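File shown: data33.cif. Contents: mmCIF, C-alpha atoms.
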data_query
#
loop_
_atom_site.label_atom_id
_atom_site.label_comp_id
_atom_site.auth_asym_id
_atom_site.auth_seq_id
_atom_site.Cartn_x
_atom_site.Cartn_y
_atom_site.Cartn_z
CA MET P 1 94.92 160.32 96.94
CA ARG P 2 93.15 160.62 93.60
CA ILE P 3 90.59 158.26 92.10
CA LEU P 4 90.07 158.41 88.35
CA LEU P 5 87.09 156.54 86.85
CA PHE P 6 87.14 155.59 83.16
CA THR P 7 83.84 154.88 81.45
CA GLY P 8 82.24 155.02 78.03
CA LYS P 9 80.04 153.13 75.61
CA GLY P 10 80.97 149.48 75.23
CA GLY P 11 83.76 148.85 72.74
CA VAL P 12 85.30 152.35 72.68
CA GLY P 13 88.59 151.21 74.22
CA LYS P 14 88.27 152.53 77.77
CA THR P 15 90.11 149.54 79.30
CA THR P 16 93.20 150.15 77.18
CA LEU P 17 93.16 153.88 77.92
CA ALA P 18 92.68 153.31 81.65
CA ALA P 19 95.65 150.91 81.64
CA ALA P 20 97.75 153.39 79.61
CA THR P 21 96.90 156.22 82.01
CA ALA P 22 97.85 154.08 85.00
CA ALA P 23 101.15 153.20 83.29
CA ALA P 24 101.83 156.89 82.66
CA LEU P 25 101.15 157.79 86.30
CA ALA P 26 103.46 155.05 87.52
CA GLY P 27 106.07 156.25 85.05
CA ARG P 28 105.95 159.67 86.69
CA GLY P 29 106.76 158.12 90.08
CA ARG P 30 103.24 157.80 91.49
CA LYS P 31 102.36 154.56 93.24
CA THR P 32 99.33 153.53 91.17
CA LEU P 33 96.66 150.86 91.26
CA VAL P 34 94.48 150.18 88.23
CA VAL P 35 91.42 148.11 89.03
CA SER P 36 88.58 146.90 86.82
CA THR P 37 84.92 146.54 87.77
CA ASP P 38 84.01 145.62 84.18
CA PRO P 39 82.47 142.13 84.01
CA ALA P 40 84.27 141.63 80.68
CA HIS P 41 87.53 141.07 82.62
CA SER P 42 89.68 142.54 79.83
CA LEU P 43 92.16 144.51 81.96
CA GLY P 44 94.45 141.50 82.17
CA ASP P 45 94.38 141.26 78.37
CA ALA P 46 95.65 144.85 78.11
CA PHE P 47 98.67 143.99 80.27
CA GLY P 48 99.12 140.57 78.67
CA ARG P 49 98.90 138.71 81.97
CA PRO P 50 96.24 137.20 84.25
CA LEU P 51 94.92 139.32 87.12
CA GLY P 52 93.17 138.36 90.35
CA ALA P 53 90.92 140.07 92.88
CA GLU P 54 93.91 141.25 94.95
CA PRO P 55 96.45 143.73 93.51
CA SER P 56 99.50 142.24 91.85
CA GLU P 57 102.58 144.01 90.47
CA VAL P 58 102.70 144.48 86.70
CA ASP P 59 105.46 147.10 86.48
CA ASP P 60 107.48 149.46 88.68
CA LEU P 61 105.06 151.33 91.00
CA LEU P 62 102.11 149.84 89.10
CA HIS P 63 99.72 147.21 90.44
CA ALA P 64 96.50 145.90 88.92
CA ALA P 65 93.45 143.93 90.03
CA GLN P 66 90.22 142.57 88.57
CA ILE P 67 87.28 142.70 90.98
CA ASP P 68 85.13 139.58 91.13
CA SER P 69 81.76 141.14 91.95
CA ARG P 70 79.97 137.78 91.79
CA GLY P 71 82.29 136.41 94.43
CA LEU P 72 81.61 139.42 96.65
CA VAL P 73 77.89 138.75 96.43
CA ASP P 74 78.41 135.12 97.50
CA SER P 75 80.56 136.12 100.49
CA THR P 76 79.98 139.65 101.81
CA TRP P 77 76.33 140.20 100.87
CA ARG P 78 75.04 136.87 102.19
CA GLU P 79 75.85 137.68 105.83
CA LEU P 80 74.62 141.27 105.62
CA ARG P 81 71.40 140.19 103.93
CA GLN P 82 70.63 137.83 106.80
CA GLU P 83 71.10 140.67 109.29
CA LEU P 84 68.82 142.92 107.26
CA GLN P 85 66.13 140.24 107.16
CA ILE P 86 66.20 140.06 110.96
CA ALA P 87 65.97 143.86 111.18
CA LEU P 88 63.03 143.99 108.78
CA ALA P 89 61.24 141.24 110.66
CA GLY P 90 61.75 143.24 113.84
CA ALA P 91 60.14 146.23 112.12
CA GLY P 92 56.92 144.26 111.73
CA LEU P 93 57.34 142.49 108.38
CA ASP P 94 56.83 138.78 108.03
CA SER P 95 59.77 136.64 106.98
CA LEU P 96 58.67 136.33 103.34
CA ASP P 97 58.36 140.11 102.85
CA ALA P 98 61.66 140.65 104.64
CA GLU P 99 63.38 138.20 102.30
CA GLU P 100 61.95 139.89 99.19
CA LEU P 101 63.00 143.36 100.34
CA THR P 102 66.61 142.31 100.80
CA VAL P 103 66.95 141.29 97.16
CA VAL P 104 68.55 144.53 96.00
CA PRO P 105 68.98 144.89 92.20
CA GLY P 106 72.53 145.81 91.28
CA VAL P 107 74.04 144.71 94.58
CA ASP P 108 76.98 143.11 92.74
CA GLU P 109 77.87 146.51 91.22
CA LEU P 110 77.48 148.19 94.59
CA LEU P 111 79.84 145.70 96.20
CA ALA P 112 82.35 146.22 93.37
CA LEU P 113 82.34 149.94 94.10
CA THR P 114 82.71 149.21 97.80
CA GLU P 115 85.73 147.06 97.02
CA VAL P 116 87.29 149.93 95.05
CA GLN P 117 86.84 152.14 98.11
CA ARG P 118 88.45 149.51 100.34
CA LEU P 119 91.47 149.15 98.07
CA ALA P 120 91.82 152.93 97.74
CA GLU P 121 91.61 153.67 101.46
CA HIS P 122 93.67 150.78 102.82
CA GLY P 123 96.39 150.46 100.20
CA PRO P 124 99.60 152.44 99.72
CA TRP P 125 98.36 153.99 96.47
CA GLU P 126 98.66 157.63 95.53
CA THR P 127 96.33 157.15 92.57
CA VAL P 128 93.63 154.57 91.83
CA VAL P 129 92.49 154.26 88.21
CA VAL P 130 89.19 152.41 87.77
CA ASP P 131 88.20 150.70 84.54
CA CYS P 132 84.42 150.82 84.93
CA GLY P 133 81.85 148.88 82.94
CA PRO P 134 80.05 150.35 79.91
CA THR P 135 78.27 153.66 80.44
CA ALA P 136 74.82 152.35 81.36
CA GLU P 137 76.21 149.98 83.99
CA THR P 138 78.51 152.69 85.37
CA LEU P 139 75.69 155.20 85.75
CA ARG P 140 73.61 152.63 87.58
CA LEU P 141 76.59 151.75 89.77
CA LEU P 142 77.33 155.39 90.65
CA ALA P 143 73.68 156.03 91.51
CA LEU P 144 73.36 153.03 93.84
CA PRO P 145 74.92 154.49 97.03
CA GLU P 146 72.42 157.34 97.12
CA ALA P 147 69.47 155.17 96.08
CA VAL P 148 70.10 152.42 98.64
CA SER P 149 70.91 154.93 101.37
CA GLY P 150 67.61 156.70 100.74
CA TYR P 151 65.79 153.37 100.77
CA LEU P 152 67.26 152.50 104.17
CA THR P 153 66.52 155.96 105.58
CA LYS P 154 62.84 155.67 104.69
CA MET P 155 62.53 152.16 106.11
CA PHE P 156 64.53 152.76 109.28
CA LYS P 157 64.20 156.23 110.77
CA PRO P 158 67.44 157.54 112.35
CA GLY P 159 67.55 156.72 116.05
CA ALA P 160 64.73 154.15 115.91
CA ARG P 161 65.11 151.46 118.54
CA ARG P 162 64.61 148.63 116.11
CA THR P 163 67.22 149.85 113.65
CA ALA P 164 69.68 147.01 113.54
CA ALA P 165 73.39 147.59 113.83
CA ALA P 166 73.79 146.14 110.33
CA VAL P 167 71.43 148.73 108.90
CA ARG P 168 73.20 151.61 110.63
CA ARG P 169 76.56 150.27 109.53
CA LEU P 170 75.45 149.87 105.92
CA GLY P 171 73.85 153.32 105.88
CA ALA P 172 76.99 154.99 107.24
CA HIS P 173 79.14 153.15 104.71
CA LEU P 174 76.92 154.18 101.80
CA ASP P 175 77.06 157.79 102.94
CA SER P 176 80.87 157.65 103.00
CA LEU P 177 80.89 156.03 99.56
CA ARG P 178 78.64 158.75 98.16
CA ALA P 179 80.84 161.43 99.75
CA LEU P 180 83.92 159.88 98.13
CA LEU P 181 82.32 159.81 94.67
CA THR P 182 81.08 163.41 94.84
CA ASP P 183 84.29 164.95 96.19
CA PRO P 184 85.83 166.65 93.12
CA ALA P 185 89.17 166.98 94.88
CA THR P 186 89.39 163.19 95.13
CA THR P 187 87.26 161.55 92.45
CA THR P 188 86.76 162.47 88.80
CA VAL P 189 85.50 160.71 85.68
CA ARG P 190 87.22 160.53 82.33
CA LEU P 191 84.75 159.81 79.54
CA VAL P 192 85.97 157.77 76.55
CA LEU P 193 84.23 157.95 73.18
CA THR P 194 84.90 157.32 69.52
CA PRO P 195 84.40 160.09 66.92
CA GLU P 196 80.91 159.01 65.85
CA ARG P 197 77.76 161.09 66.23
CA VAL P 198 75.76 158.35 67.95
CA VAL P 199 78.54 157.88 70.52
CA VAL P 200 78.88 161.64 71.09
CA ALA P 201 75.10 161.84 71.66
CA GLU P 202 75.37 159.21 74.38
CA ALA P 203 78.36 161.02 75.87
CA ARG P 204 76.28 164.20 76.20
CA ARG P 205 73.59 162.28 78.06
CA THR P 206 76.24 160.78 80.30
CA LEU P 207 77.60 164.23 81.17
CA SER P 208 74.14 165.35 82.26
CA SER P 209 73.53 162.21 84.29
CA LEU P 210 76.88 162.42 86.09
CA ALA P 211 76.23 166.07 86.87
CA LEU P 212 72.89 165.12 88.41
CA ARG P 213 74.81 162.72 90.65
CA GLY P 214 77.30 165.42 91.66
CA ILE P 215 80.21 163.64 89.97
CA LEU P 216 82.84 165.68 88.14
CA VAL P 217 83.98 164.84 84.59
CA ASP P 218 87.54 166.13 84.13
CA GLY P 219 87.95 165.41 80.43
CA LEU P 220 87.00 163.51 77.28
CA ILE P 221 89.19 161.09 75.33
CA VAL P 222 88.31 160.62 71.66
CA ASN P 223 89.73 157.24 70.75
CA ARG P 224 90.40 155.54 67.40
CA LEU P 225 90.78 158.66 65.33
CA MET P 226 91.70 157.71 61.76
CA PRO P 227 95.38 158.55 61.08
CA ALA P 228 95.96 161.27 58.51
CA PRO P 229 96.54 159.52 55.14
CA GLY P 230 99.42 161.82 54.19
CA PHE P 231 100.65 161.27 50.64
CA TRP P 232 99.09 157.86 50.17
CA ARG P 233 97.23 157.30 46.95
CA GLY P 234 94.50 155.02 45.71
CA ALA P 235 91.11 153.91 46.99
CA ALA P 236 92.37 153.22 50.53
CA ALA P 237 93.69 156.76 50.90
CA THR P 238 90.39 158.19 49.60
CA TRP P 239 88.46 156.13 52.14
CA MET P 240 90.74 157.26 54.98
CA ARG P 241 90.43 160.94 54.00
CA THR P 242 86.63 160.66 53.86
CA ARG P 243 86.49 158.91 57.23
CA ARG P 244 88.87 161.41 58.85
CA THR P 245 86.81 164.31 57.47
CA GLN P 246 83.68 162.88 59.10
CA GLN P 247 85.54 162.40 62.38
CA ASN P 248 86.87 165.97 62.26
CA ALA P 249 83.28 167.17 61.94
CA VAL P 250 82.42 165.31 65.15
CA LEU P 251 85.41 166.91 66.89
CA ALA P 252 84.15 170.30 65.71
CA GLU P 253 80.77 169.54 67.32
CA LEU P 254 82.52 168.95 70.63
CA ALA P 255 84.33 172.27 70.25
CA ASP P 256 81.01 174.01 69.49
CA ALA P 257 79.60 172.47 72.68
CA GLY P 258 82.26 174.30 74.67
CA PHE P 259 84.96 171.67 75.08
CA GLY P 260 88.38 173.20 74.58
CA PRO P 261 91.51 171.47 73.25
CA ASP P 262 92.78 170.89 76.79
CA GLU P 263 89.61 168.98 77.65
CA VAL P 264 89.39 166.73 74.57
CA LYS P 265 92.34 164.41 74.00
CA PRO P 266 92.48 162.50 70.68
CA VAL P 267 94.11 159.08 70.24
CA GLU P 268 94.71 157.64 66.77
CA HIS P 269 93.62 154.16 65.74
CA ARG P 270 96.41 151.58 65.62
CA ALA P 271 96.91 148.74 63.17
CA VAL P 272 98.11 146.42 65.96
CA GLU P 273 96.24 145.92 69.22
CA PRO P 274 98.30 147.48 72.06
CA VAL P 275 99.19 144.82 74.63
CA GLY P 276 101.77 145.03 77.41
CA PRO P 277 103.44 147.89 79.33
CA ALA P 278 105.60 149.10 76.40
CA ALA P 279 102.63 149.47 74.02
CA LEU P 280 100.56 151.13 76.75
CA GLN P 281 103.34 153.65 77.38
CA GLU P 282 103.26 154.58 73.68
CA ILE P 283 99.54 155.31 73.91
CA ALA P 284 100.07 157.25 77.12
CA TYR P 285 102.64 159.48 75.43
CA GLU P 286 100.28 160.23 72.55
CA LEU P 287 97.50 160.89 75.05
CA TYR P 288 99.33 163.14 77.51
CA ARG P 289 102.49 164.22 75.63
CA GLY P 290 104.64 163.65 78.70
CA LEU P 291 102.46 165.85 80.94
CA ASP P 292 100.77 164.83 84.18
CA PRO P 293 97.64 162.77 83.34
CA LEU P 294 95.93 164.32 86.37
CA ALA P 295 96.42 167.89 85.22
CA GLY P 296 93.41 169.78 83.91
CA LYS P 297 90.59 171.97 85.10
CA GLY P 298 87.72 169.62 84.28
CA LYS P 299 84.63 170.28 82.20
CA GLY P 300 82.07 168.65 84.44
CA VAL P 301 79.79 170.68 86.65
CA THR P 302 79.02 169.79 90.24
CA PRO P 303 75.28 170.44 90.54
CA LEU P 304 74.37 173.47 92.63
CA LEU P 305 70.98 174.67 93.81
CA GLN P 306 70.86 178.47 93.63
CA VAL P 307 67.88 180.27 95.10
CA SER P 308 66.90 183.84 94.26
CA GLU P 309 63.81 185.90 94.94
CA SER P 310 61.33 186.83 92.22
CA ASP P 311 58.21 189.02 92.10
CA SER P 312 55.95 186.04 92.80
CA GLY P 313 58.18 184.03 95.12
CA TYR P 314 61.45 182.28 94.27
CA ARG P 315 63.55 181.03 91.39
CA LEU P 316 65.53 177.83 91.87
CA ARG P 317 68.37 177.11 89.44
CA ILE P 318 69.50 173.50 89.10
CA THR P 319 72.88 173.50 87.36
CA VAL P 320 73.19 170.58 84.98
CA PRO P 321 74.60 170.62 81.42
CA LEU P 322 71.86 170.33 78.81
CA HIS P 323 71.96 169.93 75.06
CA ARG P 324 69.34 171.42 72.75
CA ASP P 325 67.95 167.92 72.16
CA SER P 326 67.88 166.94 75.84
CA GLU P 327 64.59 165.52 77.12
CA VAL P 328 63.82 166.98 80.54
CA ASP P 329 61.05 166.19 82.99
CA LEU P 330 60.38 167.77 86.38
CA ALA P 331 57.97 166.65 89.10
CA ARG P 332 57.33 167.41 92.77
CA VAL P 333 57.53 164.40 95.12
CA ASP P 334 56.79 165.52 98.68
CA ASP P 335 59.79 167.67 99.71
CA ASP P 336 61.87 166.58 96.70
CA LEU P 337 62.12 167.50 93.06
CA ALA P 338 62.30 164.54 90.69
CA VAL P 339 64.56 165.70 87.85
CA THR P 340 64.84 163.46 84.79
CA VAL P 341 67.28 164.26 81.99
CA ASP P 342 67.37 161.95 78.96
CA GLY P 343 65.95 159.07 80.99
CA PHE P 344 68.22 159.49 84.05
CA ARG P 345 66.30 160.47 87.19
CA ARG P 346 67.36 161.90 90.51
CA LEU P 347 65.44 163.11 93.55
CA ILE P 348 66.84 166.44 94.72
CA ALA P 349 65.85 167.62 98.20
CA LEU P 350 64.31 171.09 98.17
CA PRO P 351 65.92 173.68 100.44
CA GLU P 352 63.81 174.00 103.59
CA MET P 353 62.67 177.53 102.75
CA LEU P 354 61.11 176.29 99.49
CA ARG P 355 59.24 173.27 100.84
CA PRO P 356 55.98 175.19 101.57
CA CYS P 357 56.03 176.66 98.03
CA ARG P 358 54.32 175.34 94.92
CA ILE P 359 55.90 175.04 91.48
CA THR P 360 54.44 177.54 89.00
CA GLY P 361 56.72 177.01 86.02
CA ALA P 362 60.08 175.86 84.71
CA GLU P 363 62.41 176.61 81.81
CA SER P 364 65.77 175.37 80.65
CA ASP P 365 68.88 176.77 79.04
CA ALA P 366 72.37 175.47 78.27
CA HIS P 367 73.35 175.76 81.93
CA GLY P 368 70.45 173.89 83.48
CA LEU P 369 66.92 174.29 84.78
CA VAL P 370 65.23 177.32 86.35
CA VAL P 371 62.18 176.46 88.45
CA SER P 372 59.70 179.13 89.53
CA LEU P 373 57.99 178.67 92.89
CA ALA P 374 55.26 180.71 94.57
CA GLY P 375 54.80 181.01 98.31
CA ASN P 376 55.26 183.19 101.34
CA ARG P 377 58.78 184.45 101.81
CA GLY P 378 58.23 185.27 105.46
CA PRO P 379 59.90 188.06 107.45
CA GLY P 380 63.36 189.18 106.35
#
Give the structure from the file, written as C-alpha cells.
Amino acid sequence: MRILLFTGKGGVGKTTLAAATAAALAGRGRKTLVVSTDPAHSLGDAFGRPLGAEPSEVDDLLHAAQIDSRGLVDSTWRELRQELQIALAGAGLDSLDAEELTVVPGVDELLALTEVQRLAEHGPWETVVVDCGPTAETLRLLALPEAVSGYLTKMFKPGARRTAAAVRRLGAHLDSLRALLTDPATTTVRLVLTPERVVVAEARRTLSSLALRGILVDGLIVNRLMPAPGFWRGAAATWMRTRRTQQNAVLAELADAGFGPDEVKPVEHRAVEPVGPAALQEIAYELYRGLDPLAGKGKGVTPLLQVSESDSGYRLRITVPLHRDSEVDLARVDDDLAVTVDGFRRLIALPEMLRPCRITGAESDAHGLVVSLAGNRGPG
C-alpha cells in the first residue's frame, strides 16, 4: 500500500491536484481512496458531489471521504481523555492539574491523522491519497505523533506500575503512526506550489521541516502556470508574456536548487474551474502524461545522523536540506540536540557514544549541519 500526502500553501490548488492524482491512479486500475483532512472541506467540490466521513464511490475503483476532525474530538478523544485524567491522578496529580494536562493542543489534527491510518490499514485500498490542510497545519499535524509520544514517555516511564492501559495503548499507537509517516516505502509527500517567489520560499522551508521529521518528499507540483500566449496580440498577450517570463524565472530557481525536470511537474492555469471526474482526468493527463503517478525517485532526504572521528573528538552530520537564507539554531537539551530550521524545531536524540561529549562548534552547508563535539572516545 502507498500513502501520498498533498500539501502546500493555502490557495495553491492542492485539493484539485490530489483529486486528479487519485483519479489517475484509479484509471490505471489501482483501488484508490482520496481523503481530506483539510477543514475547508473542498474535496467534495472538486468531485462535484457531497462527501461524508466514510468512503463513498465517486468513480470506478475510486472512493473519497472527508474527515470530520471535530466529530472525532467529541467522540473518540472524550473517552480517552477521561482515562488519562485517572492515570495522571494516580501518578500524584490533583484532579485540576490532571484535567489541564489532558487538554492537548492540536488533538483534532492528531485524530484526523489517526483516522487516515485506520482507513488505510483496514480498507481494501492499494493507494490512499490525502488532501492535507495548508502547509503550517500539515507540519504541525505531522509533528504531533512524535511530540505527544515524547510527552507521554516523560510523564509515564515504561514499565511503571501506575501507567494506565490507556496511556500504553495511546503511546503504542502514536509510535506506529510515526513509523508509518517516516517509512519512505509507504508514505511520501507531494508539495504543491504556485510559481511565485514568496511561495517557493515557503516551499523550501517546508522541505527542511519535513526532512527534520524524517518524511520523504517525492516531488513538487508547480500549479497555475500561465499558458504560453502563442500568436496572440494586444495588451492581454503582453501581460501574459510578462507574467510567464516571471514564472519561468521561478522555475529556473528550482532547477538551480537541484530539482530536475522529473521532480518538478508544471500544470497550466485554466480558464474554467475543473470540477468532476472528466475535468480531473484532463489535469491528471497534463500532470503525469499517462505515466504512473507514483513513479519517481523523490527529492526529499530522510534525515541521517552520521558520526565520524576528528582530531578533538567527533563530528556529527545532521542531513537536512538548507538554503543559503535558512535560519538555523542549535542547542543541547540533556541528551538531545534541539535543531531549529526556519522556525521549525525538533529534538534529535544524540547517539549514546556522544552523550558524554560537549558541543564545541557547528557549521552548515547545502546538505545539512556538521556539529563538532569534544570528549573521550574510549578504547577502540
Would you write out, as a PyMOL selection string, every residue that the PyMOL selection byres ((chain P and resi 201) around 12) captures in this file?
chain P and resi 8-9+193-200+202-208+250+253-254+257+322-326+342
Now that the selection is made, can you save its residues with C-alpha atoms as a PDB file, in the coordinates of the input?
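Writing the result to result.pdb gives the following:
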ATOM      1  CA  GLY P   8      82.240 155.020  78.030  1.00  0.00           C
ATOM      2  CA  LYS P   9      80.040 153.130  75.610  1.00  0.00           C
ATOM      3  CA  LEU P 193      84.230 157.950  73.180  1.00  0.00           C
ATOM      4  CA  THR P 194      84.900 157.320  69.520  1.00  0.00           C
ATOM      5  CA  PRO P 195      84.400 160.090  66.920  1.00  0.00           C
ATOM      6  CA  GLU P 196      80.910 159.010  65.850  1.00  0.00           C
ATOM      7  CA  ARG P 197      77.760 161.090  66.230  1.00  0.00           C
ATOM      8  CA  VAL P 198      75.760 158.350  67.950  1.00  0.00           C
ATOM      9  CA  VAL P 199      78.540 157.880  70.520  1.00  0.00           C
ATOM     10  CA  VAL P 200      78.880 161.640  71.090  1.00  0.00           C
ATOM     11  CA  GLU P 202      75.370 159.210  74.380  1.00  0.00           C
ATOM     12  CA  ALA P 203      78.360 161.020  75.870  1.00  0.00           C
ATOM     13  CA  ARG P 204      76.280 164.200  76.200  1.00  0.00           C
ATOM     14  CA  ARG P 205      73.590 162.280  78.060  1.00  0.00           C
ATOM     15  CA  THR P 206      76.240 160.780  80.300  1.00  0.00           C
ATOM     16  CA  LEU P 207      77.600 164.230  81.170  1.00  0.00           C
ATOM     17  CA  SER P 208      74.140 165.350  82.260  1.00  0.00           C
ATOM     18  CA  VAL P 250      82.420 165.310  65.150  1.00  0.00           C
ATOM     19  CA  GLU P 253      80.770 169.540  67.320  1.00  0.00           C
ATOM     20  CA  LEU P 254      82.520 168.950  70.630  1.00  0.00           C
ATOM     21  CA  ALA P 257      79.600 172.470  72.680  1.00  0.00           C
ATOM     22  CA  LEU P 322      71.860 170.330  78.810  1.00  0.00           C
ATOM     23  CA  HIS P 323      71.960 169.930  75.060  1.00  0.00           C
ATOM     24  CA  ARG P 324      69.340 171.420  72.750  1.00  0.00           C
ATOM     25  CA  ASP P 325      67.950 167.920  72.160  1.00  0.00           C
ATOM     26  CA  SER P 326      67.880 166.940  75.840  1.00  0.00           C
ATOM     27  CA  ASP P 342      67.370 161.950  78.960  1.00  0.00           C
TER      28      ASP P 342
END
Using only C-alpha atoms for the distances, tell me which of P:Gly171, P:Pro293, P:Gly234, P:Gly219 is nearest to Glu263 (chain P).
P:Gly219
Could you list, as an mmCIF file with C-alpha atoms, in the frame of the given file, every residue within 10 Å of Thr245 (chain P), counting all atoms listed in the file and ignoring same-chain residues fewer than 5 positions away?
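Once written, result09.cif looks like this:
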data_model
loop_
_atom_site.group_PDB
_atom_site.id
_atom_site.type_symbol
_atom_site.label_atom_id
_atom_site.label_comp_id
_atom_site.auth_asym_id
_atom_site.auth_seq_id
_atom_site.Cartn_x
_atom_site.Cartn_y
_atom_site.Cartn_z
ATOM 1 C CA MET P 226 91.700 157.710 61.760
ATOM 2 C CA ALA P 228 95.960 161.270 58.510
ATOM 3 C CA TRP P 239 88.460 156.130 52.140
ATOM 4 C CA MET P 240 90.740 157.260 54.980
ATOM 5 C CA VAL P 250 82.420 165.310 65.150
ATOM 6 C CA LEU P 251 85.410 166.910 66.890
#
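Between CA of Arg190 (chain P) and CA of Val116 (chain P) there is a distance of 16.6 Å.
Every residue that the PyMOL selection byres ((chain P and resi 35-42) around 6) selects in this file is listed here: P:Val34, P:Leu43, P:Gly44, P:Asp45, P:Ala64, P:Ala65, P:Gln66, P:Ile67, P:Val130, P:Asp131, P:Cys132, P:Gly133.
When CA of Val267 (chain P) is paired with CA of Gly27 (chain P), their separation reads 19.2 Å.
Closest to Ser209 (chain P) among P:Val320, P:Val129, P:Leu225, P:Val192 is P:Val320, based on all atoms listed in the file.
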May I ask which of the residues P:Lys31, P:His63, P:Arg241, P:Arg315 is the closest one to Pro277 (chain P), counting only C-alpha atoms?
P:His63
Exercise: Gly29 (chain P) partners within 12 Å, all atoms listed in the file, chain neighbours under 6 positions left out, as a list of chain:residue names
P:Ala22, P:Ala23, P:Asp59, P:Asp60, P:Leu61, P:Leu62, P:Trp125, P:Glu126, P:Thr127, P:Asp292
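Using only C-alpha atoms, the shortest contact distance between Gly276 (chain P) and any of P:Asp365, P:Leu354, P:Ala19, P:Asp256 is found at P:Ala19.
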Hey, can you check how far CA of Arg244 (chain P) sits from CA of Gly11 (chain P)?
19.4 Å
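Nearest residue to Thr32 (chain P) among P:Pro351, P:Gln117, P:Gly123, P:Leu51 is P:Gly123, counting only C-alpha atoms.
Of the residues under consideration (P:Leu373, P:Val222, P:Leu191, P:Leu210), P:Leu373 shows the shortest atom-to-atom contact distance to Arg355 (chain P) when counting all atoms listed in the file.
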Let me know the residues the PyMOL selection byres ((chain P and resi 363) around 12) catches in the file above, as JSON, numbers by chain.
{"P": [315, 316, 317, 318, 322, 328, 329, 330, 359, 360, 361, 362, 364, 365, 366, 367, 368, 369, 370, 371, 372]}
Only C-alpha atoms, please: the residues just picked out, written as a PDB file, keeping the file's coordinate frame.
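Saved result, selection.pdb, follows:
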ATOM      1  CA  ARG P 315      63.550 181.030  91.390  1.00  0.00           C
ATOM      2  CA  LEU P 316      65.530 177.830  91.870  1.00  0.00           C
ATOM      3  CA  ARG P 317      68.370 177.110  89.440  1.00  0.00           C
ATOM      4  CA  ILE P 318      69.500 173.500  89.100  1.00  0.00           C
ATOM      5  CA  LEU P 322      71.860 170.330  78.810  1.00  0.00           C
ATOM      6  CA  VAL P 328      63.820 166.980  80.540  1.00  0.00           C
ATOM      7  CA  ASP P 329      61.050 166.190  82.990  1.00  0.00           C
ATOM      8  CA  LEU P 330      60.380 167.770  86.380  1.00  0.00           C
ATOM      9  CA  ILE P 359      55.900 175.040  91.480  1.00  0.00           C
ATOM     10  CA  THR P 360      54.440 177.540  89.000  1.00  0.00           C
ATOM     11  CA  GLY P 361      56.720 177.010  86.020  1.00  0.00           C
ATOM     12  CA  ALA P 362      60.080 175.860  84.710  1.00  0.00           C
ATOM     13  CA  SER P 364      65.770 175.370  80.650  1.00  0.00           C
ATOM     14  CA  ASP P 365      68.880 176.770  79.040  1.00  0.00           C
ATOM     15  CA  ALA P 366      72.370 175.470  78.270  1.00  0.00           C
ATOM     16  CA  HIS P 367      73.350 175.760  81.930  1.00  0.00           C
ATOM     17  CA  GLY P 368      70.450 173.890  83.480  1.00  0.00           C
ATOM     18  CA  LEU P 369      66.920 174.290  84.780  1.00  0.00           C
ATOM     19  CA  VAL P 370      65.230 177.320  86.350  1.00  0.00           C
ATOM     20  CA  VAL P 371      62.180 176.460  88.450  1.00  0.00           C
ATOM     21  CA  SER P 372      59.700 179.130  89.530  1.00  0.00           C
TER      22      SER P 372
END
